[in-house]
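J.: I am sharing final_19.cif, which consists of mmCIF, C-alpha atoms:
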data_my_file
loop_
_atom_site.label_atom_id
_atom_site.label_comp_id
_atom_site.auth_asym_id
_atom_site.auth_seq_id
_atom_site.Cartn_x
_atom_site.Cartn_y
_atom_site.Cartn_z
CA MET A 1 0.64 3.66 -6.86
CA ALA A 2 1.08 0.56 -4.72
CA ARG A 3 -2.47 -0.61 -5.36
CA ALA A 4 -2.10 -0.07 -9.09
CA ALA A 5 1.23 -1.94 -9.16
CA LEU A 6 -0.46 -4.92 -7.54
CA GLN A 7 -3.46 -4.59 -9.87
CA LEU A 8 -5.84 -4.60 -6.90
CA GLY A 9 -9.07 -2.74 -6.39
CA VAL A 10 -9.94 -0.60 -3.39
CA ARG A 11 -12.05 -3.39 -1.87
CA GLU A 12 -9.25 -5.94 -2.29
CA VAL A 13 -6.69 -3.74 -0.54
CA ALA A 14 -9.20 -2.96 2.19
CA ALA A 15 -9.74 -6.68 2.76
CA LEU A 16 -5.98 -7.34 2.90
CA ALA A 17 -5.50 -4.54 5.45
CA GLN A 18 -8.74 -5.33 7.30
CA VAL A 19 -9.99 -1.74 6.97
CA SER A 20 -13.01 -0.33 5.21
CA PRO A 21 -12.91 0.53 1.50
CA ASN A 22 -13.75 4.10 2.56
CA THR A 23 -10.47 4.21 4.52
CA ILE A 24 -8.50 3.27 1.39
CA ALA A 25 -10.40 5.89 -0.61
CA ARG A 26 -9.64 8.53 2.05
CA LEU A 27 -5.94 7.62 1.92
CA GLU A 28 -5.89 7.93 -1.87
CA ARG A 29 -7.58 11.34 -1.65
CA GLY A 30 -4.75 12.50 0.61
CA GLU A 31 -6.83 12.77 3.76
CA THR A 32 -5.15 12.37 7.14
CA LEU A 33 -5.39 8.91 8.70
CA GLN A 34 -4.26 7.67 12.08
CA PRO A 35 -0.60 6.52 12.05
CA ARG A 36 -1.68 3.05 13.20
CA THR A 37 -4.06 2.78 10.23
CA LEU A 38 -1.33 3.86 7.81
CA ASP A 39 1.02 1.25 9.28
CA THR A 40 -1.63 -1.45 8.87
CA ILE A 41 -2.23 -0.57 5.22
CA ARG A 42 1.49 -0.31 4.49
CA SER A 43 2.14 -3.72 6.10
CA ALA A 44 -0.62 -5.32 4.03
CA LEU A 45 0.76 -3.85 0.80
CA GLU A 46 4.29 -4.95 1.69
CA ALA A 47 3.06 -8.47 2.42
CA ALA A 48 1.40 -8.45 -1.01
CA GLY A 49 4.73 -7.65 -2.68
CA VAL A 50 5.24 -3.88 -2.69
CA ILE A 51 8.48 -2.21 -1.65
CA PHE A 52 8.20 1.44 -0.64
CA VAL A 53 11.12 3.49 -1.97
CA PRO A 54 12.12 6.48 0.17
CA GLU A 55 12.57 10.03 -1.09
CA ASN A 56 15.63 10.15 -3.34
CA GLY A 57 15.53 13.64 -4.76
CA GLU A 58 12.67 12.86 -7.12
CA GLY A 59 10.04 11.90 -4.58
CA PRO A 60 9.05 8.68 -2.86
CA GLY A 61 7.80 5.73 -4.86
CA VAL A 62 6.96 2.05 -4.95
CA ARG A 63 8.12 -1.01 -6.82
CA LEU A 64 7.25 -4.67 -6.81
CA ARG A 65 9.45 -7.13 -4.99
CA LYS A 66 11.22 -9.54 -7.32
CA GLU A 67 9.91 -13.07 -7.08
CA ARG A 68 12.50 -15.48 -5.79
CA SER A 69 13.16 -18.42 -8.04
CA ALA A 70 12.78 -21.86 -6.51
CA ALA A 71 16.18 -23.40 -5.95
#
In structure tokens, what does this structure look like?
T.:
Amino acid sequence: MARAALQLGVREVAALAQVSPNTIARLERGETLQPRTLDTIRSALEAAGVIFVPENGEGPGVRLRKERSAA
């Protein structure tokens, strides 16, 4: 969901997180990854503008960070 919200391909997210495209594909298939790898991918997506929303009774989710207007 985060990748789709950012309109990025697997290779683009892999480059941002400095992991292989296969690692992103494994994550999206629901395979188990090392916690350190998950943290790296999450940090890269957050830096790109994603906010991860915790479980709230309807499941976890993502949204895009609002752009701050220049003051």
J.: Could you pull the residues within 8 Å of Ile41 (chain A), counting only C-alpha atoms, minus those fewer than 6 positions along the same chain, as JSON, numbers by chain?
T.: {"A": [13, 14, 17]}
J.: Run the PyMOL selection byres ((chain A and resi 24) around 12) mentally over the shown coordinates, then write out the matched residues as a PyMOL selection string, using the chain letters and numbers from the document.
T.: chain A and resi 2-3+8-23+25-33+37-38+40-42+44-45
J.: So how many Å separate CA of Arg63 (chain A) and CA of Glu46 (chain A), to one decimal?
T.: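 Pair CA of Arg63 (chain A) / CA of Glu46 (chain A) returns 10.1 Å.
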J.: Out of A:Pro35, A:Leu64, A:Gly59, A:Met1, which residue has the shortest atom-to-atom distance to Ala47 (chain A) when counting only C-alpha atoms?
T.: A:Leu64
J.: For Gln7 (chain A), which of A:Gln34, A:Ser43, A:Gly49, A:Pro60 is the closest residue, counting all atoms listed in the file?
T.: A:Gly49
